[in-house]
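These notes concern the structure reproduced below.
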Amino acid sequence: MQEMKRVPVRYFKMINFKTLLSFFCLLFIVNSSSAQAKPDRIQDSDPDTAWVSPNKSVPSFATYQLYPSPERGKGTFGSFMIYLPEEYKNTTRRYPVIYYLHGGNGNQREGQWLMKELDKAIKAQKMPPVIIVSVQALPIGWYCNANVGAKGVISGPVENVLIKNLVPYIDANYRTIANSSGRGLEGWSMGGFGAIRLAFKYPELFGFASSLAGALIEFQDEHNPQYLVNTFGPATGAGSEKSIEYFNSVHPRFYAAKNAELIKKNVKIRLIVGDQDWLYNNNGKFITKIFSNYLDYLGIKHEYSVLKNVGHMFPNEFADGTREYPVQFWVDAFKAMFKTSAIAQPVTPFNAATLIKIGDEVRYGSYLIRKIGDEVFQINDPGNKSTKGGGWGVDMYLVCGTKKALLIDLGNNYITGYEKDLLKPRMNAAEELLSVIDGLTGKLPLEIAVTHMHPDHDGMTGAFLDQKVTFWAGEGEDLNALKTQHNLDPSIYQVFTQGSKSFDLGNGRIVETFPVRGHSNGGTIYIIKKDMLVFSGDALGSGFGQAFPTVERLKQMAEDSQNLVEYLKANFAPYERYGLRVFTGHWWQNAYGGFLHPNKSPIDIGYLDWRFIQDVASCANGILQGKWLVDGSGVRYIGNMVYTDAWPSAEGRAIMVCGTGTIIIPLRQAYEAAGLKMPDLYP
Ligand SMILES: [Zn+2]
Ligand SMILES: [Zn+2]
């Protein structure tokens, strides 16, 4: 009896709630007596192959848009429906994006309910403003690339089009926070399957995945063979083993196991199912719970909740107001990243009064500010040791004159996080930095100059967009990195030629520039003769050494650092030179100077000096002369880098040391740079 009543493919079907479905408008009515190959549809359904929805209707808060889909071939397009928060047009800021994935036989218009719900929550200031993109995937596409070539398959490369075409298109054309910390997926039914599988397959792209009545089924659970055939191939009989194999290979379960570690680190997950849904209890098989248990088994934390007294169609109840949409998941997801949203904490103005003598330091929010000279400050972003690379902490430097102030480098990127360094966005990162600069510069006009365009040195550029500041970068630097790394317009920076540009801050405080290439293509060293200060960014390393991917880069650095030595010799008297203080981009790395005793150096290298500059130049030039092979030359090869989270890519490279200068380079390239043949004893 119960079987008779059961709709064969409930997660593909919506009951025709005429009043509600005017906006749900996607589904078809299945006759419960048989699993039809071609289901009836309500009028609004889109055709089987409709990448572009023929129905352009949108609610007042959304628009209908097209994007190119080269993954399907030249000149092809897909469509989507997009919601932008009301404030979008009046701001320059970036927003998180939630991609909504529709259910089986659905289309982009289905996402209206979520847009409406979140719009309400945003307007009530319950959650930060977000962009919502409701995708037009194929009616039965399962959010994967179809098993093309198998009999009966009519779906296509849905996954590739969404991942390689749609997501980049959205990031390029809207002000998005273009990394996993600002990108989520929500899907209903087949879309729930899709949300989980895409997040699990691409944990570096998506930080959040919410599955509502997700079809997290096994192949054999499916009642309507046609829904399998469309994407995977024959559902029964000849060829069906291959279909099952394919289905299993794209199943979220597969990626859960494969990417468990990254998922644990990066993806927040929720599963919601109604207790009257067969996806909850299919004749004693608790489908969603089984999936949840599997995640538990893998150690993947997730929310799992069962809604009482509701079947497959519970989004209808959110839409008609009979049930509250659980918005908390998205509130938590994005609450940390807003600098001026209603839910950001107010920032107490920074007070510089305790910075009296050199060496004084004060904590402010997540920054550590240290007085290192007369009106010269180190602004340290201590970072987070559980991340990597630049996430381990960077240093900016502020020099105030009588006419203006110069900020050297722009710290980390905690405004929106930075994916490659696994940096999470930090509440008030931008406001706090602005407040520190404000407190230290007073009314002085500000200019900002970076040592180089790596994300850990230009990442806070976004904080100063609304300020009246000039941004400077040295000639040769890759300005385009601003676009690719932070989605910022590179033209906001002015380019100068090192050597001819200097910054006159007033009262004789002149900041000179000097080029040292190698670590980057146009690295700049800033020198203030009046204060005997050198700010070198990463150009000379920070004691921890610096890596050179090519021999060419090493040669550039060897030449430029030697030129720097000559320049300093020519411009500073001998004893003067020993009074130079060198501040690098990553002060914490000093502790590794010379790799004598990592962390426990027997010599005091809390600060770097003239000796360090010479050591680095000697090390680089010594490698070119093969000196590590010469006993007593001062250049030593002390072994290879082991794996570290701080610098994963350096693993296996040779550590060359000369005094406090260190260079990390693949041994093969050291031999090549020296014009020597590498002995056969090395692999
Ligand atoms: Zn760098
Ligand atoms: Zn750096």
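Each chain of the structure tokens is named A, B, ... in the order shown, its residues numbered from 1; ligands are numbered from 1 in display order.
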>> Give me, as a PyMOL selection string, the set of residues whose atoms come within 9 Å of any atom of ligand 1, counting only C-alpha atoms and all ligand atoms.
In response: chain A and resi 390+451-457+519-520+523+537-539+541+546+585
>> At a cut-off of 8 Å, using only C-alpha atoms, what residues contact Asp46 of chain A? Leave out same-chain residues fewer than 4 positions from it and give the result as a list in words.
In response: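 My reading of the contact set: Leu26, Ala50, Ser53, Pro54, Asn55, Asn105, Gly106, Asn107 and Pro139 of chain A.
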Would you put the residues from that selection into a file with N, CA and C atoms, as a tab-separated table (two decimals), in the first residue's frame?
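Once written, part.tsv looks like this:
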```tsv
chain	number	residue	atom	x	y	z
A	26	LEU	N	9.49	24.68	-11.74
A	26	LEU	CA	10.51	23.95	-12.44
A	26	LEU	C	10.14	22.54	-12.74
A	50	ALA	N	18.71	22.40	-22.22
A	50	ALA	CA	18.67	23.86	-22.13
A	50	ALA	C	19.77	24.43	-21.24
A	53	SER	N	18.41	29.01	-20.43
A	53	SER	CA	16.98	28.87	-20.19
A	53	SER	C	16.19	29.75	-21.16
A	54	PRO	N	15.21	29.16	-21.84
A	54	PRO	CA	14.40	29.96	-22.76
A	54	PRO	C	13.46	30.91	-22.00
A	55	ASN	N	13.29	30.65	-20.73
A	55	ASN	CA	12.40	31.48	-19.93
A	55	ASN	C	13.21	32.52	-19.17
A	105	ASN	N	15.19	18.13	-13.03
A	105	ASN	CA	14.19	18.78	-13.87
A	105	ASN	C	13.92	20.22	-13.47
A	106	GLY	N	14.82	20.75	-12.69
A	106	GLY	CA	14.68	22.15	-12.30
A	106	GLY	C	15.42	23.06	-13.26
A	107	ASN	N	15.45	24.32	-12.91
A	107	ASN	CA	16.19	25.30	-13.71
A	107	ASN	C	16.56	26.47	-12.81
A	139	PRO	N	18.55	19.79	-16.86
A	139	PRO	CA	17.49	19.26	-15.98
A	139	PRO	C	17.92	18.00	-15.23
```
> What gap, in Å, lies between atom CA of Glu218 of chain A and atom CA of Tyr143 of chain A?
Replying inline: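 Going from atom CA of Glu218 of chain A over to atom CA of Tyr143 of chain A covers 15.7 Å.
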> Closest to Ala617 of chain A among A:Gly659, A:Ala650, A:Ala199, A:Leu205, using only C-alpha atoms?
Replying inline: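 That would be A:Gly659, the residue with the smallest distance to Ala617 of chain A.
Running DSSP on the backbone and keeping only helix (DSSP H, G or I), the residues of segment 457-543 of chain A that qualify are A:His457, A:Asp458, A:Thr461, A:Gly462, A:Ala463, A:Phe464, A:Ala481, A:Leu482, A:Lys483, A:Thr484, A:Gln485, A:His486, A:Pro490, A:Ser491, A:Ile492.
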Those residues with N, CA and C atoms, as a CSV table (one decimal), in the first residue's frame please?
```
chain,number,residue,atom,x,y,z
A,457,HIS,N,52.6,40.8,0.5
A,457,HIS,CA,53.1,42.1,0.6
A,457,HIS,C,52.2,43.2,0.0
A,458,ASP,N,51.3,42.7,-0.7
A,458,ASP,CA,50.3,43.7,-1.3
A,458,ASP,C,48.9,43.4,-0.9
A,461,THR,N,46.1,45.9,0.1
A,461,THR,CA,45.8,47.0,-0.8
A,461,THR,C,44.3,47.5,-0.7
A,462,GLY,N,43.5,46.5,-0.7
A,462,GLY,CA,42.0,46.7,-0.7
A,462,GLY,C,41.6,47.6,0.5
A,463,ALA,N,42.3,47.6,1.6
A,463,ALA,CA,41.9,48.4,2.7
A,463,ALA,C,42.0,49.9,2.5
A,464,PHE,N,42.9,50.2,1.5
A,464,PHE,CA,43.1,51.7,1.3
A,464,PHE,C,42.4,52.2,0.0
A,481,ALA,N,49.4,40.6,-10.9
A,481,ALA,CA,49.2,39.8,-9.8
A,481,ALA,C,48.0,40.3,-8.9
A,482,LEU,N,47.9,41.6,-8.9
A,482,LEU,CA,46.8,42.2,-8.2
A,482,LEU,C,45.5,41.7,-8.6
A,483,LYS,N,45.4,41.6,-9.9
A,483,LYS,CA,44.1,41.1,-10.5
A,483,LYS,C,43.9,39.6,-10.2
A,484,THR,N,44.9,38.8,-10.4
A,484,THR,CA,44.7,37.4,-10.2
A,484,THR,C,44.7,37.0,-8.8
A,485,GLN,N,45.4,37.7,-7.9
A,485,GLN,CA,45.4,37.3,-6.5
A,485,GLN,C,44.3,38.0,-5.7
A,486,HIS,N,44.0,39.2,-6.0
A,486,HIS,CA,43.1,39.9,-5.1
A,486,HIS,C,41.9,40.5,-5.9
A,490,PRO,N,44.9,46.6,-11.5
A,490,PRO,CA,46.4,46.9,-11.4
A,490,PRO,C,46.7,48.4,-11.6
A,491,SER,N,45.8,49.1,-12.3
A,491,SER,CA,46.1,50.5,-12.7
A,491,SER,C,46.1,51.4,-11.5
A,492,ILE,N,45.6,50.9,-10.3
A,492,ILE,CA,45.6,51.8,-9.2
A,492,ILE,C,47.1,52.1,-8.7
```
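Of the listed residues A:Ile358, A:Val565, A:Ala646, A:Val534, the one whose atoms come nearest to ligand 2 is A:Ala646, with distances taken using only C-alpha atoms and all ligand atoms.
Residues in contact with segment 113-128 of chain A at 7 Å, where only C-alpha atoms are counted and same-chain residues fewer than 2 positions away are skipped, are listed as Tyr83, Glu110, Gly111, Val130, Ile132, Ala319, Val331, Phe334, Lys335, Ser341 and Ala342 of chain A.
Within the 12 Å cut-off around segment 568-571 of chain A, using only C-alpha atoms and omitting residues fewer than 4 positions from it on the same chain, the listed residues are Glu512, Phe514, Ile525, Ile527, Ile528, Lys529, Lys530, Met532, Leu533, Val534, Ser561, Gln562, Asn563, Leu564, Tyr575, Glu576, Arg577, Tyr578, Gly579, Leu580, Asp609, Trp610, Arg611, Ile613 and Gln614 of chain A.
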Would you export the selected residues with N, CA and C atoms as a short mmCIF file (atom, residue, chain, number, x, y, z; two decimals), in the first residue's frame, please?
```cif
data_model
loop_
_atom_site.label_atom_id
_atom_site.label_comp_id
_atom_site.auth_asym_id
_atom_site.auth_seq_id
_atom_site.Cartn_x
_atom_site.Cartn_y
_atom_site.Cartn_z
N GLU A 512 65.35 56.43 -0.45
CA GLU A 512 65.85 56.08 -1.79
C GLU A 512 65.39 54.68 -2.17
N PHE A 514 66.23 51.12 -4.55
CA PHE A 514 67.30 50.36 -5.21
C PHE A 514 66.73 49.04 -5.69
N ILE A 525 64.38 47.80 -2.86
CA ILE A 525 64.90 47.98 -1.51
C ILE A 525 64.80 49.46 -1.20
N ILE A 527 65.94 52.62 1.18
CA ILE A 527 67.07 52.99 2.03
C ILE A 527 66.87 54.43 2.54
N ILE A 528 67.01 54.60 3.86
CA ILE A 528 66.94 55.96 4.41
C ILE A 528 68.27 56.27 5.07
N LYS A 529 69.03 57.11 4.41
CA LYS A 529 70.38 57.39 4.91
C LYS A 529 70.32 58.13 6.25
N LYS A 530 69.40 59.05 6.35
CA LYS A 530 69.30 59.84 7.57
C LYS A 530 69.14 58.95 8.82
N MET A 532 69.75 55.54 8.72
CA MET A 532 70.54 54.32 8.55
C MET A 532 69.65 53.07 8.54
N LEU A 533 68.58 53.16 7.76
CA LEU A 533 67.63 52.06 7.72
C LEU A 533 67.53 51.48 6.31
N VAL A 534 67.40 50.17 6.24
CA VAL A 534 67.20 49.49 4.96
C VAL A 534 65.98 48.58 5.10
N SER A 561 72.48 42.14 -5.84
CA SER A 561 72.87 42.27 -4.43
C SER A 561 74.31 42.76 -4.32
N GLN A 562 75.13 42.34 -5.29
CA GLN A 562 76.51 42.84 -5.30
C GLN A 562 76.51 44.34 -5.59
N ASN A 563 75.65 44.76 -6.52
CA ASN A 563 75.53 46.19 -6.80
C ASN A 563 75.09 46.97 -5.56
N LEU A 564 74.21 46.36 -4.79
CA LEU A 564 73.74 47.00 -3.56
C LEU A 564 74.91 47.18 -2.59
N TYR A 575 82.57 53.00 8.86
CA TYR A 575 81.96 52.72 10.16
C TYR A 575 80.46 52.97 10.15
N GLU A 576 80.06 53.89 9.29
CA GLU A 576 78.63 54.15 9.13
C GLU A 576 77.89 52.88 8.73
N ARG A 577 78.49 52.18 7.78
CA ARG A 577 77.81 50.99 7.23
C ARG A 577 77.43 50.00 8.33
N TYR A 578 78.28 49.94 9.34
CA TYR A 578 77.99 48.97 10.40
C TYR A 578 76.84 49.43 11.30
N GLY A 579 76.42 50.66 11.07
CA GLY A 579 75.26 51.15 11.82
C GLY A 579 73.95 50.94 11.08
N LEU A 580 74.03 50.38 9.89
CA LEU A 580 72.80 50.14 9.12
C LEU A 580 71.96 49.07 9.80
N ASP A 609 71.87 43.34 9.68
CA ASP A 609 72.68 44.53 9.46
C ASP A 609 73.46 44.44 8.16
N TRP A 610 74.44 45.29 8.06
CA TRP A 610 75.33 45.37 6.90
C TRP A 610 75.97 44.02 6.58
N ARG A 611 76.30 43.28 7.63
CA ARG A 611 76.91 41.97 7.46
C ARG A 611 75.98 41.04 6.67
N ILE A 613 73.68 41.83 4.50
CA ILE A 613 73.62 42.18 3.07
C ILE A 613 74.82 41.60 2.33
N GLN A 614 76.00 41.74 2.92
CA GLN A 614 77.20 41.19 2.29
C GLN A 614 77.15 39.67 2.23
#
```
Running DSSP on the backbone, which parts of segment 244-365 of chain A land in strand (DSSP E), as an mmCIF file with N, CA and C atoms, in the first residue's frame?
```
data_model
loop_
_atom_site.group_PDB
_atom_site.id
_atom_site.type_symbol
_atom_site.label_atom_id
_atom_site.label_comp_id
_atom_site.auth_asym_id
_atom_site.auth_seq_id
_atom_site.Cartn_x
_atom_site.Cartn_y
_atom_site.Cartn_z
ATOM 1 N N LYS A 268 32.919 23.773 5.292
ATOM 2 C CA LYS A 268 31.863 23.598 6.291
ATOM 3 C C LYS A 268 30.661 22.985 5.570
ATOM 4 N N ILE A 269 30.059 21.999 6.214
ATOM 5 C CA ILE A 269 29.053 21.205 5.514
ATOM 6 C C ILE A 269 27.780 21.106 6.339
ATOM 7 N N ARG A 270 26.630 21.159 5.674
ATOM 8 C CA ARG A 270 25.415 20.792 6.392
ATOM 9 C C ARG A 270 24.532 19.932 5.499
ATOM 10 N N LEU A 271 23.873 18.985 6.149
ATOM 11 C CA LEU A 271 22.922 18.111 5.478
ATOM 12 C C LEU A 271 21.588 18.271 6.193
ATOM 13 N N ILE A 272 20.547 18.574 5.434
ATOM 14 C CA ILE A 272 19.220 18.671 6.034
ATOM 15 C C ILE A 272 18.281 17.763 5.254
ATOM 16 N N VAL A 273 17.464 17.011 5.977
ATOM 17 C CA VAL A 273 16.493 16.143 5.309
ATOM 18 C C VAL A 273 15.187 16.149 6.109
ATOM 19 N N GLY A 274 14.073 16.019 5.423
ATOM 20 C CA GLY A 274 12.788 15.956 6.112
ATOM 21 C C GLY A 274 12.461 14.527 6.515
ATOM 22 N N GLU A 303 27.123 19.431 9.847
ATOM 23 C CA GLU A 303 25.819 19.499 10.510
ATOM 24 C C GLU A 303 24.911 18.487 9.838
ATOM 25 N N TYR A 304 24.160 17.754 10.642
ATOM 26 C CA TYR A 304 23.153 16.866 10.071
ATOM 27 C C TYR A 304 21.861 17.121 10.828
ATOM 28 N N SER A 305 20.815 17.553 10.136
ATOM 29 C CA SER A 305 19.577 17.751 10.874
ATOM 30 C C SER A 305 18.368 17.228 10.112
ATOM 31 N N VAL A 306 17.406 16.758 10.873
ATOM 32 C CA VAL A 306 16.192 16.173 10.323
ATOM 33 C C VAL A 306 15.032 17.111 10.666
ATOM 34 N N LEU A 307 14.323 17.558 9.653
ATOM 35 C CA LEU A 307 13.166 18.421 9.889
ATOM 36 C C LEU A 307 11.937 17.547 10.104
ATOM 37 N N GLU A 361 56.692 48.342 22.201
ATOM 38 C CA GLU A 361 55.718 47.744 21.305
ATOM 39 C C GLU A 361 54.347 47.661 21.956
ATOM 40 N N VAL A 362 53.327 47.612 21.104
ATOM 41 C CA VAL A 362 51.971 47.544 21.627
ATOM 42 C C VAL A 362 51.134 46.686 20.688
ATOM 43 N N ARG A 363 50.291 45.878 21.314
ATOM 44 C CA ARG A 363 49.397 45.051 20.533
ATOM 45 C C ARG A 363 48.133 45.821 20.217
ATOM 46 N N TYR A 364 47.623 45.644 19.028
ATOM 47 C CA TYR A 364 46.358 46.294 18.695
ATOM 48 C C TYR A 364 45.604 45.355 17.766
#
```
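One distance worth recording is that between atom CA of Pro252 of chain A and atom CA of Ile196 of chain A, which is 6.1 Å.
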> What does the distance between atom CA of Ile510 of chain A and atom CA of Asp531 of chain A come to in Å, to one decimal place?
Replying inline: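 Interatomic distance here is 9.4 Å.
Taking only C-alpha atoms and all ligand atoms into account, ligand 2 lies nearest to A:Gln589 out of the set A:Ser57, A:Gln112, A:Gln589, A:Ser633.
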> So which residues touch Ile217 of chain A within 12 Å, counting only C-alpha atoms, skipping near sequence neighbours fewer than 6 positions away, as a PyMOL selection string?
Replying inline: chain A and resi 9+11+142+189-190+192-194+223+228+247-248+251-253+278-282+285-292
> From the list A:Ile664, A:Val495, A:Leu410, A:Leu440, which residue is nearest ligand 2 when using only C-alpha atoms and all ligand atoms?
Replying inline: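 So, comparing all the options, the nearest one is A:Leu410.
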> A:Ala674, A:Cys619, A:Ala178, A:Ala430: which is nearest Ala558 of chain A, counting only C-alpha atoms?
Replying inline: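 Closest to Ala558 of chain A of all the choices is A:Cys619.
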> Using only C-alpha atoms and all ligand atoms, which residue out of A:Pro168, A:Gly391, A:Gly442, A:Gly632 lies closest to ligand 2?
Replying inline: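 Closest residue, counting only C-alpha atoms and all ligand atoms: A:Gly391.
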